[in-house]
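Shown below: target35.csv, with CSV, C-alpha atoms and all ligand atoms.
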chain,number,residue,atom,x,y,z
A,170,MET,CA,-5.1,-23.5,31.5
A,171,SER,CA,-3.3,-25.0,28.6
A,172,GLN,CA,0.3,-24.1,27.9
A,173,ARG,CA,0.8,-21.4,25.3
A,174,GLY,CA,1.4,-22.8,21.8
A,175,LYS,CA,4.4,-22.0,19.6
A,176,PHE,CA,4.3,-19.7,16.6
A,177,ILE,CA,6.0,-21.0,13.5
A,178,SER,CA,6.2,-19.2,10.2
A,179,LEU,CA,7.2,-20.5,6.8
A,180,GLU,CA,8.9,-18.1,4.4
A,181,GLY,CA,10.5,-18.0,1.0
A,182,GLY,CA,10.0,-16.5,-2.4
A,183,GLU,CA,7.3,-17.5,-5.0
A,184,GLY,CA,7.1,-21.2,-5.6
A,185,ALA,CA,9.5,-22.2,-2.9
A,186,GLY,CA,7.1,-24.8,-1.6
A,187,LYS,CA,5.7,-23.2,1.6
A,188,SER,CA,2.0,-24.1,1.0
A,189,THR,CA,3.0,-27.6,-0.2
A,190,GLN,CA,4.9,-28.3,3.1
A,191,ILE,CA,2.2,-27.3,5.6
A,192,ALA,CA,-0.1,-30.3,5.5
A,193,PRO,CA,2.7,-32.9,6.1
A,194,LEU,CA,4.0,-30.7,8.9
A,195,VAL,CA,0.6,-30.6,10.5
A,196,ALA,CA,0.3,-34.4,10.3
A,197,TRP,CA,3.7,-34.8,11.9
A,198,LEU,CA,2.9,-32.4,14.8
A,199,GLY,CA,-0.5,-34.1,15.3
A,200,GLU,CA,1.3,-37.4,15.8
A,201,ARG,CA,3.1,-35.7,18.6
A,202,GLY,CA,-0.1,-34.7,20.3
A,203,ILE,CA,0.1,-31.1,19.1
A,204,SER,CA,-3.0,-29.3,17.9
A,205,THR,CA,-2.3,-26.8,15.1
A,206,LYS,CA,-3.9,-23.8,13.6
A,207,VAL,CA,-2.9,-23.2,10.0
A,208,THR,CA,-3.1,-19.7,8.6
A,209,ARG,CA,-1.5,-17.5,6.0
A,210,GLU,CA,-0.5,-14.0,5.0
A,211,PRO,CA,-1.5,-11.7,3.6
A,212,GLY,CA,-4.9,-12.7,5.2
A,213,GLY,CA,-5.7,-15.2,7.9
A,214,SER,CA,-8.7,-13.3,9.3
A,215,PRO,CA,-11.8,-12.0,7.5
A,216,GLY,CA,-10.7,-8.4,7.3
A,217,ALA,CA,-7.1,-9.3,6.4
A,218,GLU,CA,-8.3,-11.6,3.6
A,219,GLU,CA,-10.1,-8.6,2.1
A,220,ILE,CA,-6.9,-6.7,2.2
A,221,ARG,CA,-5.1,-9.7,0.7
A,222,THR,CA,-7.1,-9.3,-2.5
A,223,LEU,CA,-5.8,-5.7,-2.9
A,224,LEU,CA,-2.2,-7.0,-2.5
A,225,VAL,CA,-2.0,-10.2,-4.6
A,226,THR,CA,-4.1,-9.3,-7.6
A,227,GLY,CA,-3.8,-6.6,-10.2
A,228,ASP,CA,-1.0,-4.5,-11.7
A,229,PRO,CA,2.4,-5.0,-10.2
A,230,SER,CA,2.8,-1.3,-9.7
A,231,ARG,CA,-0.6,-0.6,-8.3
A,232,TRP,CA,0.8,0.4,-4.8
A,233,SER,CA,3.8,2.5,-3.8
A,234,PRO,CA,6.1,0.4,-1.6
A,235,VAL,CA,5.2,2.4,1.5
A,236,THR,CA,1.5,2.1,0.9
A,237,GLU,CA,1.9,-1.6,0.4
A,238,ALA,CA,3.8,-2.0,3.6
A,239,LEU,CA,1.1,-0.2,5.5
A,240,LEU,CA,-1.7,-2.3,3.9
A,241,LEU,CA,0.3,-5.4,4.9
A,242,TYR,CA,0.7,-4.2,8.5
A,243,ALA,CA,-3.0,-3.3,8.8
A,244,ALA,CA,-3.8,-6.8,7.7
A,245,ARG,CA,-1.1,-8.3,10.0
A,246,ARG,CA,-2.4,-6.6,13.1
A,247,ASP,CA,-5.9,-7.8,12.5
A,248,HIS,CA,-4.6,-11.3,11.8
A,249,VAL,CA,-2.6,-11.4,15.0
A,250,ASP,CA,-5.4,-10.0,17.1
A,251,ARG,CA,-8.2,-12.2,15.8
A,252,THR,CA,-6.5,-15.4,14.7
A,253,ILE,CA,-2.9,-16.0,15.8
A,254,GLU,CA,-2.9,-14.7,19.4
A,255,PRO,CA,-6.2,-16.4,20.4
A,256,ALA,CA,-5.0,-19.7,18.9
A,257,LEU,CA,-1.6,-19.5,20.8
A,258,ALA,CA,-3.4,-18.6,24.0
A,259,ALA,CA,-5.6,-21.7,23.6
A,260,GLY,CA,-2.5,-23.9,23.4
A,261,SER,CA,-2.5,-24.5,19.6
A,262,TRP,CA,0.7,-24.2,17.6
A,263,VAL,CA,0.2,-21.7,14.8
A,264,LEU,CA,1.7,-22.6,11.4
A,265,CYS,CA,1.7,-19.4,9.3
A,266,ASP,CA,2.3,-19.5,5.5
A,267,ARG,CA,4.3,-16.2,5.4
A,268,PHE,CA,4.5,-13.6,8.2
A,269,ALA,CA,6.5,-10.4,8.9
A,270,ASP,CA,9.7,-11.6,7.3
A,271,SER,CA,7.8,-11.4,4.0
A,272,SER,CA,7.5,-7.7,4.5
A,273,VAL,CA,11.2,-7.4,5.4
A,274,ALA,CA,12.1,-9.4,2.3
A,275,TYR,CA,9.7,-7.9,-0.2
A,276,GLN,CA,9.2,-4.3,1.0
A,277,GLY,CA,12.5,-4.0,2.9
A,278,PHE,CA,15.0,-5.7,0.5
A,279,ALA,CA,13.3,-6.2,-2.9
A,280,TYR,CA,11.5,-2.8,-3.0
A,281,GLY,CA,14.4,-1.2,-1.2
A,282,LEU,CA,12.6,0.5,1.8
A,283,GLY,CA,15.3,-1.1,4.0
A,284,ASP,CA,15.0,-3.7,6.6
A,285,HIS,CA,15.4,-1.1,9.4
A,286,TRP,CA,12.3,0.8,8.1
A,287,VAL,CA,10.2,-2.4,8.1
A,288,HIS,CA,11.5,-3.3,11.6
A,289,ALA,CA,10.5,0.1,12.9
A,290,LEU,CA,7.0,-0.3,11.4
A,291,HIS,CA,6.8,-3.7,12.9
A,292,GLU,CA,7.8,-2.5,16.3
A,293,SER,CA,5.1,0.3,16.2
A,294,VAL,CA,2.3,-2.1,15.1
A,295,LEU,CA,3.2,-5.4,16.9
A,296,GLY,CA,6.0,-4.5,19.4
A,297,SER,CA,8.2,-7.5,20.0
A,298,PHE,CA,5.7,-10.1,18.6
A,299,TRP,CA,7.7,-12.4,16.2
A,300,PRO,CA,7.5,-16.1,15.5
A,301,ASP,CA,9.2,-18.5,17.9
A,302,ALA,CA,10.7,-20.2,14.8
A,303,THR,CA,10.9,-19.4,11.1
A,304,LEU,CA,11.7,-21.9,8.4
A,305,ILE,CA,13.0,-20.1,5.2
A,306,LEU,CA,12.7,-22.1,2.1
A,307,ASP,CA,15.5,-21.2,-0.3
A,308,VAL,CA,15.3,-21.9,-4.0
A,309,PRO,CA,17.0,-20.4,-7.1
A,310,VAL,CA,14.8,-17.8,-8.6
A,311,GLU,CA,14.4,-19.6,-11.9
A,312,LEU,CA,13.2,-22.8,-10.2
A,313,GLY,CA,10.8,-21.0,-7.8
A,314,LEU,CA,9.2,-19.1,-10.7
A,315,ALA,CA,8.9,-22.2,-12.8
A,316,ARG,CA,7.2,-24.0,-10.0
A,317,ALA,CA,4.9,-21.1,-9.3
A,318,LYS,CA,3.8,-21.1,-12.9
A,319,THR,CA,2.3,-24.6,-12.5
A,320,ARG,CA,-0.4,-23.1,-10.2
A,321,HIS,CA,-3.6,-21.6,-11.4
A,322,GLY,CA,-5.5,-18.5,-10.4
A,323,ASP,CA,-5.2,-14.7,-10.4
A,324,GLU,CA,-3.1,-14.3,-7.3
A,325,ASP,CA,0.0,-13.7,-9.3
A,326,ARG,CA,0.8,-10.0,-8.8
A,327,TYR,CA,4.2,-10.7,-7.1
A,328,GLU,CA,5.1,-13.4,-9.6
A,329,ARG,CA,4.8,-10.8,-12.3
A,330,MET,CA,7.5,-8.5,-10.7
A,331,ASP,CA,10.7,-8.4,-12.8
A,332,ARG,CA,13.5,-10.9,-12.5
A,333,SER,CA,15.8,-8.5,-10.5
A,334,PHE,CA,13.0,-8.1,-7.9
A,335,HIS,CA,13.1,-11.8,-7.3
A,336,GLU,CA,16.9,-11.9,-7.1
A,337,ARG,CA,16.8,-9.2,-4.4
A,338,LEU,CA,14.0,-11.0,-2.6
A,339,ARG,CA,16.1,-14.2,-2.4
A,340,GLU,CA,19.1,-12.3,-1.2
A,341,GLY,CA,16.9,-10.6,1.3
A,342,TYR,CA,15.7,-13.9,2.8
A,343,ARG,CA,19.2,-15.1,3.0
A,344,ALA,CA,20.2,-11.9,4.9
A,345,ILE,CA,17.3,-12.4,7.2
A,346,ALA,CA,18.4,-15.9,8.0
A,347,ALA,CA,22.0,-14.8,8.6
A,348,HIS,CA,21.0,-11.9,10.9
A,349,ALA,CA,18.5,-13.9,13.0
A,350,PRO,CA,19.9,-17.4,13.4
A,351,GLN,CA,18.4,-17.7,16.9
A,352,ARG,CA,14.9,-17.7,15.1
A,353,CYS,CA,15.4,-18.6,11.5
A,354,THR,CA,16.6,-21.8,9.7
A,355,LEU,CA,17.5,-21.6,6.0
A,356,ILE,CA,16.3,-24.8,4.2
A,357,ASP,CA,17.5,-25.9,0.8
A,358,ALA,CA,14.1,-26.2,-0.9
A,359,SER,CA,15.5,-27.0,-4.4
A,360,ARG,CA,15.3,-30.8,-3.6
A,361,ASP,CA,12.2,-33.0,-3.7
A,362,ALA,CA,9.4,-32.2,-1.3
A,363,GLU,CA,10.1,-35.2,1.0
A,364,ALA,CA,13.7,-34.2,1.5
A,365,VAL,CA,12.6,-30.6,2.2
A,366,GLN,CA,10.0,-31.8,4.7
A,367,SER,CA,12.6,-33.9,6.5
A,368,ASP,CA,14.9,-30.9,7.0
A,369,MET,CA,12.0,-28.8,8.2
A,370,ARG,CA,11.2,-31.4,10.8
A,371,ALA,CA,14.8,-31.7,11.9
A,372,ALA,CA,15.0,-27.9,12.3
A,373,LEU,CA,12.0,-27.9,14.5
A,374,VAL,CA,13.2,-30.8,16.6
A,375,GLY,CA,16.5,-28.8,17.1
A,376,ARG,CA,14.5,-25.8,18.3
A,377,PHE,CA,11.8,-27.5,20.3
A,378,PRO,CA,13.3,-30.7,21.9
A,379,GLU,CA,9.9,-31.9,23.0
A,380,LEU,CA,9.2,-32.8,19.4
A,381,GLY,CA,12.0,-35.3,19.3
A,382,ARG,CA,10.7,-37.5,22.1
B,1,LIG,N1,10.2,-29.7,-3.6
B,1,LIG,C1,9.4,-29.5,-4.6
B,1,LIG,N2,9.8,-30.1,-5.8
B,1,LIG,C2,9.0,-29.9,-6.9
B,1,LIG,N3,7.9,-29.2,-7.0
B,1,LIG,C3,7.5,-28.6,-5.8
B,1,LIG,C4,8.2,-28.8,-4.6
B,1,LIG,N4,7.6,-28.1,-3.7
B,1,LIG,C5,6.5,-27.5,-4.2
B,1,LIG,N5,6.4,-27.9,-5.6
B,1,LIG,C6,5.4,-27.5,-6.5
B,1,LIG,O1,5.6,-26.1,-6.9
B,1,LIG,C7,4.5,-25.4,-6.9
B,1,LIG,C8,4.6,-24.2,-6.0
B,1,LIG,O2,4.6,-24.7,-4.6
B,1,LIG,P1,3.9,-23.9,-3.5
B,1,LIG,O3,2.5,-23.4,-3.9
B,1,LIG,O4,3.9,-24.8,-2.3
B,1,LIG,O5,4.9,-22.7,-3.3
B,1,LIG,P2,4.7,-21.4,-2.3
B,1,LIG,O6,6.0,-21.3,-1.7
B,1,LIG,O7,3.5,-21.6,-1.5
B,1,LIG,O8,4.5,-20.2,-3.4
B,1,LIG,P3,3.8,-18.8,-3.2
B,1,LIG,O9,4.7,-18.0,-2.3
B,1,LIG,O10,3.7,-18.3,-4.5
B,1,LIG,O11,2.5,-19.1,-2.5
B,1,LIG,C9,3.3,-26.3,-6.6
B,1,LIG,O12,2.8,-26.7,-7.9
B,1,LIG,C10,4.0,-27.5,-5.9
B,1,LIG,O13,3.3,-28.7,-6.2
B,2,MG,MG,1.8,-20.5,-1.3
For this file, write the structure as structure tokens.
Ligand SMILES: Nc1ncnc2c1ncn2[C@@H]1O[C@H](COP(=O)(O)OP(=O)(O)OP(=O)(O)O)[C@@H](O)[C@H]1O
Ligand SMILES: [Mg+2]
Amino acid sequence: MSQRGKFISLEGGEGAGKSTQIAPLVAWLGERGISTKVTREPGGSPGAEEIRTLLVTGDPSRWSPVTEALLLYAARRDHVDRTIEPALAAGSWVLCDRFADSSVAYQGFAYGLGDHWVHALHESVLGSFWPDATLILDVPVELGLARAKTRHGDEDRYERMDRSFHERLREGYRAIAAHAPQRCTLIDASRDAEAVQSDMRAALVGRFPELGR
């Protein structure tokens, strides 16, 4: 039986660079003989991708914060059951573009439900299942939103939240990193993509020494 893989999540606000950084990370892990499963939230399984559309398109106020958190956790449970857990069990490392910290940051901090409320929901739905490591990409709100604008498509519901929402979001992520240093590394993502990638790799080597060999 293969050894269980590691579960790594990438977090950060809109336009921080999460999606950009995944491919070079996969290539680097591959050079170390590690097979990876790349996935994302909201979504990552057929059912959860359907729920994604409800969350990332349309009017910013279409859901109450509680309903939105429940939709996210319905999607997350399906994603864990059908995509993440089977990949980890098969020995792949899972790289997830957003996971539960997004709910803590967006619904807990930015919408104001509170991080304790989201943690209680998480515990009910997923028990103690959390990533082995989380890299949080931190950028000033203005820079992240300017970057996000360069993309196309209609998945912009969160981008259209007001400025103070994004400020609370950034502070939320910084609080998450401060409260869970055993799992989370805060990365200065305001620099060029290569410098950010280099810090991400260094953080992973620090957490998983087998990567440094
Ligand atoms: N370090 C960087 N410097 C300059 N531009 C960047 C950097 N990282 C990413 N970008 C560009 O910024 C835009 C947003 O990046 P990306 O889509 O990776 O962000 P994201 O964190 O995935 O955002 P979202 O949460 O909205 O999905 C892209 O056009 C990308 O090419
Ligand atoms: Mg993205």
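One finds CA of Trp286 (chain A) at 16.7 Å from CA of Ala349 (chain A).
Separating CA of Leu314 (chain A) from CA of Gly184 (chain A) is a distance of 5.9 Å.
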Could you list, with a cut-off of 9 Å and counting only C-alpha atoms and all ligand atoms, the residues of chain A near ligand LIG 1 (chain B), each shown with its nearest atom pair and the distance in Å rounded to one decimal, rows sorted by chain and ascending number, as a Markdown table?
| residue | atom | partner | partner_atom | distance |
| --- | --- | --- | --- | --- |
| A:Leu179 | CA | B:LIG1 | O6 | 8.6 |
| A:Glu180 | CA | B:LIG1 | O6 | 7.5 |
| A:Gly181 | CA | B:LIG1 | O6 | 6.2 |
| A:Gly182 | CA | B:LIG1 | O9 | 5.5 |
| A:Glu183 | CA | B:LIG1 | O10 | 3.7 |
| A:Gly184 | CA | B:LIG1 | O5 | 3.5 |
| A:Ala185 | CA | B:LIG1 | O6 | 3.8 |
| A:Gly186 | CA | B:LIG1 | O4 | 3.3 |
| A:Lys187 | CA | B:LIG1 | O6 | 3.8 |
| A:Ser188 | CA | B:LIG1 | O7 | 3.8 |
| A:Thr189 | CA | B:LIG1 | O4 | 3.6 |
| A:Gln190 | CA | B:LIG1 | O4 | 6.5 |
| A:Ile191 | CA | B:LIG1 | O4 | 8.5 |
| A:Asp266 | CA | B:LIG1 | O7 | 7.4 |
| A:Arg267 | CA | B:LIG1 | O9 | 7.9 |
| A:Leu306 | CA | B:LIG1 | O6 | 7.7 |
| A:Leu312 | CA | B:LIG1 | C2 | 8.9 |
| A:Gly313 | CA | B:LIG1 | C8 | 7.2 |
| A:Leu314 | CA | B:LIG1 | C8 | 8.3 |
| A:Ala315 | CA | B:LIG1 | O1 | 7.8 |
| A:Arg316 | CA | B:LIG1 | O1 | 4.1 |
| A:Ala317 | CA | B:LIG1 | C8 | 4.5 |
| A:Lys318 | CA | B:LIG1 | C7 | 7.4 |
| A:Thr319 | CA | B:LIG1 | O12 | 5.1 |
| A:Arg320 | CA | B:LIG1 | O12 | 5.3 |
| A:His321 | CA | B:LIG1 | O12 | 8.9 |
| A:Glu324 | CA | B:LIG1 | O10 | 8.4 |
| A:Asp325 | CA | B:LIG1 | O10 | 7.6 |
| A:Tyr327 | CA | B:LIG1 | O10 | 8.0 |
| A:Glu328 | CA | B:LIG1 | O10 | 7.2 |
| A:Ala358 | CA | B:LIG1 | N1 | 5.9 |
| A:Ser359 | CA | B:LIG1 | N1 | 6.0 |
| A:Arg360 | CA | B:LIG1 | N1 | 5.2 |
| A:Asp361 | CA | B:LIG1 | N1 | 3.9 |
| A:Ala362 | CA | B:LIG1 | N1 | 3.5 |
| A:Glu363 | CA | B:LIG1 | N1 | 7.2 |
| A:Ala364 | CA | B:LIG1 | N1 | 7.6 |
| A:Val365 | CA | B:LIG1 | N1 | 6.3 |
| A:Gln366 | CA | B:LIG1 | N1 | 8.6 |
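Using all atoms listed in the file, the shortest contact distance between ligand MG 2 (chain B) and any of A:Asp270, A:Glu210, A:Glu336, A:Asp357 is found at A:Glu210.
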Exercise for the section: Kindly indicate which residue among A:Ala238, A:Val310, A:Leu264, A:Ala269 lies nearest to Leu282 (chain A), using all atoms listed in the file for the distances. Expected result: A:Ala238
Handout entry: Residue contacts of Thr354 (chain A) (9 Å, only C-alpha atoms) excluding same-chain residues fewer than 3 positions away, as a count of residues only
Key = 12
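Ranking A:Ala344, A:Ala256, A:Ile356, A:Met330 by their shortest atom-to-atom distance to Pro229 (chain A), with only C-alpha atoms included, puts A:Met330 first.
Using all atoms listed in the file, the smallest distance between any of A:Ile253, A:Ile220, A:Val308, A:Leu198 and Leu241 (chain A) comes from A:Ile220.
The closest residue to Phe176 (chain A), picked from A:Ile345, A:Val263, A:Val225, A:Val249 and counting only C-alpha atoms, is A:Val263.
With only C-alpha atoms and all ligand atoms as the atoms that count, the minimum distance from ligand MG 2 (chain B) to the choices A:Arg332, A:Arg201, A:Arg209, A:Arg245 is reached by A:Arg209.
Put simply, CA of Pro193 (chain A) is 23.5 Å away from CA of His248 (chain A).
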Exercise for the section: List the neighbours of Ala259 (chain A) out to 12 Å using all atoms listed in the file; skip same-chain residues closer than 5 positions along the sequence, and give me the result as a ChimeraX atom specification. Expected result: /A:170-175,203-206,252-254
Exercise for the section: Excluding region 272-278 of chain A and any residue of its chain fewer than 5 positions from it, enumerate the residues within 7 Å of it, using all atoms listed in the file, and give them as number ranges by chain. Expected result: A: 234, 238, 283-284, 287, 337-338, 341-342
Take region 203-229 of chain A from the preceding structure and save N, CA and C atoms as a CSV table (one decimal), in the first residue's frame.
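Output contents, as saved in part14.csv:
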chain,number,residue,atom,x,y,z
A,203,ILE,N,7.0,13.1,-6.5
A,203,ILE,CA,5.7,13.1,-5.8
A,203,ILE,C,4.5,13.3,-6.9
A,204,SER,N,3.6,12.4,-6.8
A,204,SER,CA,2.4,12.6,-7.7
A,204,SER,C,1.4,13.5,-7.0
A,205,THR,N,0.8,14.4,-7.8
A,205,THR,CA,-0.1,15.4,-7.2
A,205,THR,C,-1.5,15.3,-7.8
A,206,LYS,N,-2.5,15.7,-7.0
A,206,LYS,CA,-3.8,15.9,-7.5
A,206,LYS,C,-4.1,17.4,-7.2
A,207,VAL,N,-4.4,18.1,-8.3
A,207,VAL,CA,-4.7,19.5,-8.2
A,207,VAL,C,-6.2,19.7,-8.1
A,208,THR,N,-6.7,20.4,-7.2
A,208,THR,CA,-8.2,20.6,-7.1
A,208,THR,C,-8.5,22.0,-6.6
A,209,ARG,N,-9.7,22.4,-6.5
A,209,ARG,CA,-10.0,23.8,-6.1
A,209,ARG,C,-11.4,23.8,-5.3
A,210,GLU,N,-11.5,24.9,-4.6
A,210,GLU,CA,-12.8,25.2,-4.0
A,210,GLU,C,-13.3,26.6,-4.3
A,211,PRO,N,-14.6,26.9,-4.3
A,211,PRO,CA,-15.6,25.9,-4.2
A,211,PRO,C,-15.5,25.0,-5.4
A,212,GLY,N,-15.9,23.8,-5.2
A,212,GLY,CA,-15.9,22.8,-6.4
A,212,GLY,C,-15.0,21.6,-6.1
A,213,GLY,N,-14.4,21.1,-7.2
A,213,GLY,CA,-13.5,20.0,-7.0
A,213,GLY,C,-14.1,18.6,-7.1
A,214,SER,N,-15.4,18.5,-7.2
A,214,SER,CA,-16.1,17.2,-7.5
A,214,SER,C,-17.3,17.7,-8.3
A,215,PRO,N,-17.9,16.7,-9.1
A,215,PRO,CA,-19.0,17.2,-9.9
A,215,PRO,C,-20.1,17.9,-9.2
A,216,GLY,N,-20.5,17.4,-8.1
A,216,GLY,CA,-21.6,18.0,-7.3
A,216,GLY,C,-21.2,19.4,-6.8
A,217,ALA,N,-19.9,19.4,-6.2
A,217,ALA,CA,-19.5,20.7,-5.7
A,217,ALA,C,-19.2,21.7,-6.7
A,218,GLU,N,-18.9,21.3,-7.9
A,218,GLU,CA,-18.8,22.3,-9.0
A,218,GLU,C,-20.1,23.0,-9.3
A,219,GLU,N,-21.2,22.2,-9.2
A,219,GLU,CA,-22.5,22.8,-9.4
A,219,GLU,C,-22.8,23.8,-8.4
A,220,ILE,N,-22.5,23.5,-7.1
A,220,ILE,CA,-22.7,24.4,-6.0
A,220,ILE,C,-21.8,25.7,-6.3
A,221,ARG,N,-20.6,25.5,-6.8
A,221,ARG,CA,-19.7,26.6,-7.1
A,221,ARG,C,-20.4,27.7,-7.9
A,222,THR,N,-21.1,27.3,-8.9
A,222,THR,CA,-21.8,28.3,-9.8
A,222,THR,C,-22.7,29.2,-8.9
A,223,LEU,N,-23.4,28.6,-8.0
A,223,LEU,CA,-24.3,29.3,-7.1
A,223,LEU,C,-23.5,30.4,-6.3
A,224,LEU,N,-22.3,30.1,-6.0
A,224,LEU,CA,-21.5,30.9,-5.1
A,224,LEU,C,-20.7,32.0,-5.7
A,225,VAL,N,-20.2,31.7,-6.9
A,225,VAL,CA,-19.2,32.7,-7.5
A,225,VAL,C,-19.8,33.5,-8.6
A,226,THR,N,-21.1,33.3,-9.0
A,226,THR,CA,-21.7,34.2,-9.9
A,226,THR,C,-22.9,34.9,-9.3
A,227,GLY,N,-23.3,35.9,-10.0
A,227,GLY,CA,-24.5,36.6,-9.5
A,227,GLY,C,-24.3,37.7,-8.5
A,228,ASP,N,-25.5,38.2,-8.0
A,228,ASP,CA,-25.5,39.3,-7.1
A,228,ASP,C,-24.7,39.1,-5.8
A,229,PRO,N,-23.8,40.1,-5.4
A,229,PRO,CA,-23.1,39.9,-4.2
A,229,PRO,C,-23.9,39.5,-3.0
